[in-house]
file run-v5.cif (mmCIF, C-alpha atoms and all ligand atoms)
data_entry
#
loop_
_atom_site.group_PDB
_atom_site.id
_atom_site.type_symbol
_atom_site.label_atom_id
_atom_site.label_comp_id
_atom_site.auth_asym_id
_atom_site.auth_seq_id
_atom_site.Cartn_x
_atom_site.Cartn_y
_atom_site.Cartn_z
ATOM 1 C CA MET A 354 111.673 113.829 76.078
ATOM 2 C CA LYS A 355 108.523 112.391 77.622
ATOM 3 C CA GLN A 356 107.633 113.859 80.971
ATOM 4 C CA SER A 357 105.895 111.896 83.660
ATOM 5 C CA MET A 358 104.872 111.892 87.280
ATOM 6 C CA ILE A 359 104.427 109.022 89.708
ATOM 7 C CA ILE A 360 100.839 108.680 90.814
ATOM 8 C CA ASN A 361 100.042 106.171 93.543
ATOM 9 C CA GLY A 362 103.308 104.390 92.822
ATOM 10 C CA LYS A 363 102.950 104.163 89.051
ATOM 11 C CA ALA A 364 104.528 106.382 86.383
ATOM 12 C CA HIS A 365 102.052 108.305 84.229
ATOM 13 C CA GLU A 366 103.167 110.174 81.165
ATOM 14 C CA ILE A 367 101.974 113.771 81.117
ATOM 15 C CA THR A 368 99.875 113.876 77.980
ATOM 16 C CA VAL A 369 98.193 117.240 78.538
ATOM 17 C CA ASP A 370 99.073 120.919 78.362
ATOM 18 C CA GLY A 371 101.375 121.821 81.258
ATOM 19 C CA ASP A 372 98.960 124.508 82.439
ATOM 20 C CA MET A 373 96.262 121.957 83.188
ATOM 21 C CA PRO A 374 95.617 121.728 86.926
ATOM 22 C CA LEU A 375 96.498 118.357 88.417
ATOM 23 C CA LEU A 376 92.865 117.848 89.496
ATOM 24 C CA TRP A 377 91.688 117.806 85.880
ATOM 25 C CA PHE A 378 94.475 115.427 84.857
ATOM 26 C CA LEU A 379 93.622 113.082 87.727
ATOM 27 C CA ARG A 380 89.876 113.045 87.210
ATOM 28 C CA ASP A 381 89.392 113.476 83.469
ATOM 29 C CA ASN A 382 92.473 111.811 82.024
ATOM 30 C CA LEU A 383 93.315 109.142 84.568
ATOM 31 C CA GLU A 384 89.873 108.589 86.151
ATOM 32 C CA PHE A 385 91.094 108.941 89.719
ATOM 33 C CA THR A 386 87.733 110.398 90.680
ATOM 34 C CA GLY A 387 88.155 110.089 94.452
ATOM 35 C CA THR A 388 89.622 113.590 94.454
ATOM 36 C CA LYS A 389 86.813 116.143 94.225
ATOM 37 C CA PHE A 390 86.288 119.481 92.545
ATOM 38 C CA GLY A 391 84.856 122.006 94.990
ATOM 39 C CA CYS A 392 85.710 125.666 94.545
ATOM 40 C CA GLY A 393 88.413 125.319 91.901
ATOM 41 C CA SER A 394 90.239 128.236 93.516
ATOM 42 C CA GLY A 395 92.297 126.723 96.311
ATOM 43 C CA LEU A 396 89.788 127.721 98.981
ATOM 44 C CA CYS A 397 87.912 124.616 100.144
ATOM 45 C CA GLY A 398 90.358 121.686 100.272
ATOM 46 C CA ALA A 399 88.093 119.179 98.495
ATOM 47 C CA CYS A 400 90.839 118.539 95.924
ATOM 48 C CA THR A 401 93.655 117.863 98.422
ATOM 49 C CA VAL A 402 96.271 115.285 97.403
ATOM 50 C CA HIS A 403 99.893 114.764 98.414
ATOM 51 C CA VAL A 404 102.929 115.793 96.409
ATOM 52 C CA ASP A 405 106.052 114.181 97.812
ATOM 53 C CA GLY A 406 104.096 113.633 101.027
ATOM 54 C CA GLN A 407 102.807 117.182 101.451
ATOM 55 C CA ALA A 408 99.168 118.173 101.153
ATOM 56 C CA ILE A 409 98.502 120.442 98.184
ATOM 57 C CA ARG A 410 95.452 121.767 96.369
ATOM 58 C CA SER A 411 95.324 119.975 93.059
ATOM 59 C CA CYS A 412 92.840 122.452 91.541
ATOM 60 C CA ILE A 413 95.482 125.196 91.441
ATOM 61 C CA THR A 414 98.606 123.112 90.819
ATOM 62 C CA PRO A 415 99.629 122.922 87.140
ATOM 63 C CA VAL A 416 100.958 119.575 85.981
ATOM 64 C CA SER A 417 104.063 121.325 84.600
ATOM 65 C CA THR A 418 105.252 121.790 88.200
ATOM 66 C CA LEU A 419 104.964 118.097 88.985
ATOM 67 C CA VAL A 420 107.366 116.382 86.611
ATOM 68 C CA ASP A 421 108.996 113.406 88.384
ATOM 69 C CA LYS A 422 107.085 114.194 91.595
ATOM 70 C CA LYS A 423 105.288 111.569 93.638
ATOM 71 C CA ILE A 424 101.551 112.187 93.831
ATOM 72 C CA THR A 425 99.307 110.313 96.235
ATOM 73 C CA THR A 426 95.536 110.474 95.935
ATOM 74 C CA ILE A 427 92.920 108.977 98.237
ATOM 75 C CA GLU A 428 93.014 105.853 96.035
ATOM 76 C CA GLY A 429 96.692 105.390 96.884
ATOM 77 C CA LEU A 430 96.702 106.338 100.568
ATOM 78 C CA SER A 431 96.749 102.678 101.567
ATOM 79 C CA GLU A 432 96.606 99.464 99.583
ATOM 80 C CA LYS A 433 93.373 98.191 101.068
ATOM 81 C CA GLY A 434 91.749 101.411 102.206
ATOM 82 C CA ASP A 435 92.822 100.589 105.746
ATOM 83 C CA HIS A 436 94.972 103.563 106.703
ATOM 84 C CA PRO A 437 94.355 104.315 110.419
ATOM 85 C CA LEU A 438 92.521 107.466 109.358
ATOM 86 C CA GLN A 439 90.244 105.547 107.022
ATOM 87 C CA LYS A 440 89.470 103.057 109.790
ATOM 88 C CA ALA A 441 88.796 105.876 112.253
ATOM 89 C CA TRP A 442 86.561 107.581 109.689
ATOM 90 C CA LEU A 443 84.471 104.410 109.481
ATOM 91 C CA ASN A 444 84.406 103.888 113.265
ATOM 92 C CA ASN A 445 83.104 107.399 113.781
ATOM 93 C CA ASN A 446 80.710 107.516 110.814
ATOM 94 C CA VAL A 447 82.347 110.760 109.819
ATOM 95 C CA PRO A 448 80.950 111.513 106.345
ATOM 96 C CA GLN A 449 77.555 113.003 105.749
ATOM 97 C CA CYS A 450 77.284 113.652 101.990
ATOM 98 C CA GLY A 451 80.932 112.592 101.738
ATOM 99 C CA TYR A 452 81.940 115.159 99.161
ATOM 100 C CA CYS A 453 84.712 116.839 101.153
ATOM 101 C CA GLN A 454 85.957 113.742 102.916
ATOM 102 C CA ALA A 455 88.735 112.538 100.611
ATOM 103 C CA GLY A 456 90.312 115.969 100.897
ATOM 104 C CA GLN A 457 89.816 115.951 104.669
ATOM 105 C CA ILE A 458 91.507 112.558 105.012
ATOM 106 C CA MET A 459 94.421 113.501 102.759
ATOM 107 C CA ASN A 460 94.987 116.702 104.705
ATOM 108 C CA ALA A 461 94.800 114.833 108.020
ATOM 109 C CA ALA A 462 97.230 112.191 106.705
ATOM 110 C CA SER A 463 99.813 114.822 105.897
ATOM 111 C CA LEU A 464 99.403 116.228 109.409
ATOM 112 C CA LEU A 465 99.885 112.837 111.089
ATOM 113 C CA ALA A 466 102.903 112.090 108.886
ATOM 114 C CA VAL A 467 104.784 114.957 110.490
ATOM 115 C CA ASN A 468 103.039 115.085 113.868
ATOM 116 C CA ALA A 469 101.792 111.717 115.093
ATOM 117 C CA SER A 470 100.274 113.163 118.284
ATOM 118 C CA PRO A 471 98.798 116.543 117.415
ATOM 119 C CA THR A 472 97.129 118.638 120.086
ATOM 120 C CA ASP A 473 93.548 119.820 119.597
ATOM 121 C CA ALA A 474 94.878 123.216 118.599
ATOM 122 C CA GLU A 475 97.298 121.704 116.089
ATOM 123 C CA ILE A 476 94.466 119.680 114.544
ATOM 124 C CA ASP A 477 92.296 122.808 114.339
ATOM 125 C CA THR A 478 95.092 124.776 112.672
ATOM 126 C CA ALA A 479 95.987 122.036 110.201
ATOM 127 C CA MET A 480 92.382 121.337 109.223
ATOM 128 C CA GLN A 481 90.949 124.839 109.174
ATOM 129 C CA GLY A 482 91.282 125.220 105.405
ATOM 130 C CA ASN A 483 89.230 122.126 104.641
ATOM 131 C CA ILE A 484 85.609 123.143 104.415
ATOM 132 C CA CYS A 485 82.687 120.779 105.053
ATOM 133 C CA ARG A 486 79.322 122.152 104.024
ATOM 134 C CA CYS A 487 77.642 119.385 106.031
ATOM 135 C CA GLY A 488 79.397 120.457 109.228
ATOM 136 C CA THR A 489 81.076 117.163 110.169
ATOM 137 C CA TYR A 490 83.944 118.947 111.892
ATOM 138 C CA GLN A 491 83.477 117.375 115.331
ATOM 139 C CA ARG A 492 83.477 113.846 113.928
ATOM 140 C CA ILE A 493 86.502 114.641 111.741
ATOM 141 C CA LYS A 494 88.402 115.798 114.790
ATOM 142 C CA LYS A 495 87.372 112.758 116.833
ATOM 143 C CA ALA A 496 88.547 110.457 114.025
ATOM 144 C CA ILE A 497 91.905 112.214 113.743
ATOM 145 C CA VAL A 498 92.461 111.845 117.490
ATOM 146 C CA GLU A 499 91.537 108.160 117.255
ATOM 147 C CA ALA A 500 93.889 107.588 114.295
ATOM 148 C CA ALA A 501 96.708 109.376 116.096
ATOM 149 C CA ASP A 502 96.117 107.111 119.073
ATOM 150 C CA THR A 503 96.295 104.027 116.831
ATOM 151 C CA LEU A 504 99.484 105.264 115.202
ATOM 152 C CA SER A 505 101.120 105.970 118.557
ATOM 153 C CA LYS A 506 100.469 102.343 119.580
ATOM 154 C CA GLU A 507 101.993 101.041 116.355
ATOM 155 C CA VAL A 508 105.432 102.560 117.041
HETATM 156 S S1 LIG A 601 88.551 122.505 94.733
HETATM 157 FE FE1 LIG A 601 90.615 122.868 95.205
HETATM 158 S S2 LIG A 601 90.587 124.009 97.034
HETATM 159 FE FE2 LIG A 601 88.491 123.855 96.452
HETATM 160 S S1 LIG A 602 80.402 115.605 104.343
HETATM 161 FE FE1 LIG A 602 79.256 116.871 102.976
HETATM 162 S S2 LIG A 602 80.635 118.423 102.473
HETATM 163 FE FE2 LIG A 602 81.628 117.395 104.062
#
call {"tool": "encode", "arguments": {"input": "run-v5.cif", "output": "structure tokens", "more": "lines below"}}
Ligand code: FES
Ligand code: FES
result
Amino acid sequence: MKQSMIINGKAHEITVDGDMPLLWFLRDNLEFTGTKFGCGSGLCGACTVHVDGQAIRSCITPVSTLVDKKITTIEGLSEKGDHPLQKAWLNNNVPQCGYCQAGQIMNAASLLAVNASPTDAEIDTAMQGNICRCGTYQRIKKAIVEAADTLSKEV
């Protein structure tokens, strides 16, 4: 029987060895290149995507564990790239080189999905595993606070 996963709302047949990490399948097979390869060892967060709404590290997640799961990448976070986090990222000129930022946004989105008004400490805890070699941490935090504020006004 053919196995598949839902990526950004669309079913994709799993055509690769089940041991292949999701990151490789996304980037090399499906050309969802918004998700980045950083350390390849689950340590930096550059490869963060959502599986059934939860942030995971796609570089260490074999596709065999994802049959029938719903994957969301940065390309699928919002239809027009206008998720409150993406808007806040633009307002605050967050990225420097940009390399880590898709992972940062996906991790922040999973935080706001379960905690729409995180405290500073909760943001620090949730984001501490996402490394930015350019040191944009202060702007990331400011943007998350701004997005949380927007979300709280939407409800
Ligand atoms: S590339 Fe996956 S955690 Fe670094
Ligand atoms: S913006 Fe360069 S690594 Fe984060």
call {"tool": "residues_near_ligand", "arguments": {"input": "run-v5.cif", "ligand": "ligand LIG 601 (chain A)", "cutoff": "7 Å", "atoms": "all atoms listed in the file", "output": "list of chain:residue names"}}
result
A:Lys389, A:Phe390, A:Gly391, A:Cys392, A:Gly393, A:Ser394, A:Gly395, A:Leu396, A:Cys397, A:Gly398, A:Ala399, A:Cys400, A:Thr401, A:Arg410, A:Ser411, A:Cys412, A:Ile413
call {"tool": "closest_residue", "arguments": {"input": "run-v5.cif", "among": "A:Ser463, A:Thr426, A:Asn445, A:Asn361", "to": "Lys495 of chain A", "atoms": "all atoms listed in the file"}}
result
A:Asn445
call {"tool": "resolve_selection", "arguments": {"input": "run-v5.cif", "expression": "the PyMOL selection byres (((chain A and resi 480) around 10) and not hetatm)", "output": "ChimeraX atom specification"}}
result
/A:398,457-458,460-461,464,474-479,481-484,490,493-494
call {"tool": "residues_near_ligand", "arguments": {"input": "run-v5.cif", "ligand": "ligand LIG 602 (chain A)", "cutoff": "9 Å", "atoms": "all atoms listed in the file", "output": "VMD selection string"}}
result
chain A and resid 399 447 to 454 457 483 to 490
call {"tool": "closest_residue", "arguments": {"input": "run-v5.cif", "among": "A:Val369, A:Val402, A:Ala501, A:Leu375", "to": "Leu465 of chain A", "atoms": "all atoms listed in the file"}}
result
A:Ala501
call {"tool": "closest_residue", "arguments": {"input": "run-v5.cif", "among": "A:His403, A:Lys506, A:Lys433, A:His365", "to": "Asp421 of chain A", "atoms": "only C-alpha atoms"}}
result
A:His365
call {"tool": "atom_distance", "arguments": {"input": "run-v5.cif", "atom1": "atom CA of Lys363 of chain A", "atom2": "atom CA of Thr503 of chain A"}}
result
28.6 Å
call {"tool": "resolve_selection", "arguments": {"input": "run-v5.cif", "expression": "the PyMOL selection byres (((chain A and resi 371) around 9) and not hetatm)", "output": "list in words"}}
result
Ile367, Thr368, Val369, Asp370, Asp372, Met373, Pro374, Pro415, Val416, Ser417 and Thr418 of chain A
call {"tool": "atom_distance", "arguments": {"input": "run-v5.cif", "atom1": "atom CA of Met459 of chain A", "atom2": "atom CA of Gly362 of chain A"}}
result
16.1 Å
call {"tool": "decode", "arguments": {"input": "run-v5.cif", "residues": "segment 470-486 of chain A", "atoms": "all heavy atoms", "output": "PDB file, in the first residue's frame"}}
result
ATOM      1  N   SER A 470      -0.334  34.360  24.822  1.00  0.00           N
ATOM      2  CA  SER A 470       0.275  35.504  25.517  1.00  0.00           C
ATOM      3  C   SER A 470       1.444  35.047  26.383  1.00  0.00           C
ATOM      4  O   SER A 470       1.371  35.100  27.617  1.00  0.00           O
ATOM      5  CB  SER A 470      -0.757  36.206  26.396  1.00  0.00           C
ATOM      6  OG  SER A 470      -1.818  36.672  25.635  1.00  0.00           O
ATOM      7  N   PRO A 471       2.508  34.596  25.779  1.00  0.00           N
ATOM      8  CA  PRO A 471       3.626  34.090  26.582  1.00  0.00           C
ATOM      9  C   PRO A 471       4.348  35.209  27.331  1.00  0.00           C
ATOM     10  O   PRO A 471       4.433  36.336  26.838  1.00  0.00           O
ATOM     11  CB  PRO A 471       4.549  33.448  25.537  1.00  0.00           C
ATOM     12  CG  PRO A 471       4.223  34.139  24.257  1.00  0.00           C
ATOM     13  CD  PRO A 471       2.779  34.519  24.333  1.00  0.00           C
ATOM     14  N   THR A 472       4.824  34.888  28.509  1.00  0.00           N
ATOM     15  CA  THR A 472       5.667  35.828  29.250  1.00  0.00           C
ATOM     16  C   THR A 472       7.059  35.849  28.606  1.00  0.00           C
ATOM     17  O   THR A 472       7.399  34.978  27.794  1.00  0.00           O
ATOM     18  CB  THR A 472       5.828  35.376  30.709  1.00  0.00           C
ATOM     19  OG1 THR A 472       6.489  34.102  30.706  1.00  0.00           O
ATOM     20  CG2 THR A 472       4.493  35.259  31.410  1.00  0.00           C
ATOM     21  N   ASP A 473       7.862  36.822  29.011  1.00  0.00           N
ATOM     22  CA  ASP A 473       9.245  36.881  28.507  1.00  0.00           C
ATOM     23  C   ASP A 473       9.977  35.581  28.792  1.00  0.00           C
ATOM     24  O   ASP A 473      10.700  35.054  27.943  1.00  0.00           O
ATOM     25  CB  ASP A 473      10.002  38.035  29.181  1.00  0.00           C
ATOM     26  CG  ASP A 473       9.773  39.343  28.443  1.00  0.00           C
ATOM     27  OD1 ASP A 473       8.862  39.387  27.585  1.00  0.00           O
ATOM     28  OD2 ASP A 473      10.503  40.302  28.728  1.00  0.00           O
ATOM     29  N   ALA A 474       9.762  35.072  30.005  1.00  0.00           N
ATOM     30  CA  ALA A 474      10.459  33.838  30.394  1.00  0.00           C
ATOM     31  C   ALA A 474       9.986  32.653  29.556  1.00  0.00           C
ATOM     32  O   ALA A 474      10.785  31.796  29.167  1.00  0.00           O
ATOM     33  CB  ALA A 474      10.230  33.555  31.874  1.00  0.00           C
ATOM     34  N   GLU A 475       8.686  32.622  29.271  1.00  0.00           N
ATOM     35  CA  GLU A 475       8.159  31.521  28.450  1.00  0.00           C
ATOM     36  C   GLU A 475       8.697  31.599  27.019  1.00  0.00           C
ATOM     37  O   GLU A 475       8.980  30.576  26.393  1.00  0.00           O
ATOM     38  CB  GLU A 475       6.617  31.545  28.462  1.00  0.00           C
ATOM     39  CG  GLU A 475       6.047  31.050  29.786  1.00  0.00           C
ATOM     40  CD  GLU A 475       4.551  31.307  29.930  1.00  0.00           C
ATOM     41  OE1 GLU A 475       4.005  32.224  29.277  1.00  0.00           O
ATOM     42  OE2 GLU A 475       3.927  30.598  30.744  1.00  0.00           O
ATOM     43  N   ILE A 476       8.833  32.825  26.512  1.00  0.00           N
ATOM     44  CA  ILE A 476       9.425  32.980  25.169  1.00  0.00           C
ATOM     45  C   ILE A 476      10.875  32.497  25.202  1.00  0.00           C
ATOM     46  O   ILE A 476      11.320  31.734  24.328  1.00  0.00           O
ATOM     47  CB  ILE A 476       9.347  34.451  24.688  1.00  0.00           C
ATOM     48  CG1 ILE A 476       7.895  34.854  24.462  1.00  0.00           C
ATOM     49  CG2 ILE A 476      10.167  34.635  23.408  1.00  0.00           C
ATOM     50  CD1 ILE A 476       7.691  36.336  24.163  1.00  0.00           C
ATOM     51  N   ASP A 477      11.616  32.925  26.210  1.00  0.00           N
ATOM     52  CA  ASP A 477      13.031  32.522  26.315  1.00  0.00           C
ATOM     53  C   ASP A 477      13.150  30.998  26.353  1.00  0.00           C
ATOM     54  O   ASP A 477      13.986  30.409  25.670  1.00  0.00           O
ATOM     55  CB  ASP A 477      13.669  33.108  27.578  1.00  0.00           C
ATOM     56  CG  ASP A 477      13.875  34.611  27.457  1.00  0.00           C
ATOM     57  OD1 ASP A 477      13.821  35.119  26.332  1.00  0.00           O
ATOM     58  OD2 ASP A 477      14.068  35.259  28.512  1.00  0.00           O
ATOM     59  N   THR A 478      12.310  30.364  27.161  1.00  0.00           N
ATOM     60  CA  THR A 478      12.380  28.905  27.297  1.00  0.00           C
ATOM     61  C   THR A 478      12.031  28.216  25.980  1.00  0.00           C
ATOM     62  O   THR A 478      12.732  27.308  25.532  1.00  0.00           O
ATOM     63  CB  THR A 478      11.404  28.430  28.391  1.00  0.00           C
ATOM     64  OG1 THR A 478      11.775  29.056  29.610  1.00  0.00           O
ATOM     65  CG2 THR A 478      11.444  26.919  28.566  1.00  0.00           C
ATOM     66  N   ALA A 479      10.963  28.693  25.350  1.00  0.00           N
ATOM     67  CA  ALA A 479      10.509  28.037  24.109  1.00  0.00           C
ATOM     68  C   ALA A 479      11.517  28.214  22.981  1.00  0.00           C
ATOM     69  O   ALA A 479      11.667  27.331  22.132  1.00  0.00           O
ATOM     70  CB  ALA A 479       9.152  28.597  23.698  1.00  0.00           C
ATOM     71  N   MET A 480      12.205  29.352  22.966  1.00  0.00           N
ATOM     72  CA  MET A 480      13.062  29.672  21.819  1.00  0.00           C
ATOM     73  C   MET A 480      14.530  29.340  22.046  1.00  0.00           C
ATOM     74  O   MET A 480      15.343  29.505  21.131  1.00  0.00           O
ATOM     75  CB  MET A 480      12.938  31.182  21.485  1.00  0.00           C
ATOM     76  CG  MET A 480      11.551  31.636  21.097  1.00  0.00           C
ATOM     77  SD  MET A 480      10.857  30.793  19.650  1.00  0.00           S
ATOM     78  CE  MET A 480      11.954  31.337  18.331  1.00  0.00           C
ATOM     79  N   GLN A 481      14.866  28.855  23.232  1.00  0.00           N
ATOM     80  CA  GLN A 481      16.295  28.738  23.550  1.00  0.00           C
ATOM     81  C   GLN A 481      17.044  27.720  22.676  1.00  0.00           C
ATOM     82  O   GLN A 481      18.254  27.819  22.515  1.00  0.00           O
ATOM     83  CB  GLN A 481      16.506  28.413  25.026  1.00  0.00           C
ATOM     84  CG  GLN A 481      16.017  27.047  25.442  1.00  0.00           C
ATOM     85  CD  GLN A 481      16.156  26.824  26.947  1.00  0.00           C
ATOM     86  OE1 GLN A 481      16.717  27.658  27.647  1.00  0.00           O
ATOM     87  NE2 GLN A 481      15.654  25.720  27.434  1.00  0.00           N
ATOM     88  N   GLY A 482      16.316  26.783  22.090  1.00  0.00           N
ATOM     89  CA  GLY A 482      16.995  25.787  21.255  1.00  0.00           C
ATOM     90  C   GLY A 482      17.194  26.213  19.815  1.00  0.00           C
ATOM     91  O   GLY A 482      17.783  25.475  19.031  1.00  0.00           O
ATOM     92  N   ASN A 483      16.681  27.392  19.469  1.00  0.00           N
ATOM     93  CA  ASN A 483      16.860  27.871  18.092  1.00  0.00           C
ATOM     94  C   ASN A 483      18.020  28.857  18.053  1.00  0.00           C
ATOM     95  O   ASN A 483      17.933  29.968  18.574  1.00  0.00           O
ATOM     96  CB  ASN A 483      15.571  28.527  17.575  1.00  0.00           C
ATOM     97  CG  ASN A 483      14.553  27.499  17.157  1.00  0.00           C
ATOM     98  OD1 ASN A 483      13.980  26.806  18.005  1.00  0.00           O
ATOM     99  ND2 ASN A 483      14.336  27.357  15.870  1.00  0.00           N
ATOM    100  N   ILE A 484      19.078  28.432  17.405  1.00  0.00           N
ATOM    101  CA  ILE A 484      20.318  29.205  17.415  1.00  0.00           C
ATOM    102  C   ILE A 484      20.353  30.166  16.220  1.00  0.00           C
ATOM    103  O   ILE A 484      19.983  29.804  15.112  1.00  0.00           O
ATOM    104  CB  ILE A 484      21.539  28.255  17.314  1.00  0.00           C
ATOM    105  CG1 ILE A 484      21.449  27.127  18.349  1.00  0.00           C
ATOM    106  CG2 ILE A 484      22.846  29.033  17.441  1.00  0.00           C
ATOM    107  CD1 ILE A 484      21.369  27.582  19.783  1.00  0.00           C
ATOM    108  N   CYS A 485      20.816  31.393  16.491  1.00  0.00           N
ATOM    109  CA  CYS A 485      21.027  32.375  15.419  1.00  0.00           C
ATOM    110  C   CYS A 485      22.475  32.828  15.476  1.00  0.00           C
ATOM    111  O   CYS A 485      22.884  33.518  16.404  1.00  0.00           O
ATOM    112  CB  CYS A 485      20.089  33.569  15.599  1.00  0.00           C
ATOM    113  SG  CYS A 485      20.401  34.873  14.387  1.00  0.00           S
ATOM    114  N   ARG A 486      23.226  32.475  14.456  1.00  0.00           N
ATOM    115  CA  ARG A 486      24.657  32.848  14.488  1.00  0.00           C
ATOM    116  C   ARG A 486      24.838  34.341  14.279  1.00  0.00           C
ATOM    117  O   ARG A 486      25.904  34.883  14.547  1.00  0.00           O
ATOM    118  CB  ARG A 486      25.442  32.045  13.444  1.00  0.00           C
ATOM    119  CG  ARG A 486      25.044  32.332  12.028  1.00  0.00           C
ATOM    120  CD  ARG A 486      25.697  31.372  11.051  1.00  0.00           C
ATOM    121  NE  ARG A 486      25.058  31.518   9.748  1.00  0.00           N
ATOM    122  CZ  ARG A 486      25.252  30.730   8.726  1.00  0.00           C
ATOM    123  NH1 ARG A 486      26.079  29.710   8.847  1.00  0.00           N
ATOM    124  NH2 ARG A 486      24.650  30.924   7.582  1.00  0.00           N
TER     125      ARG A 486
END
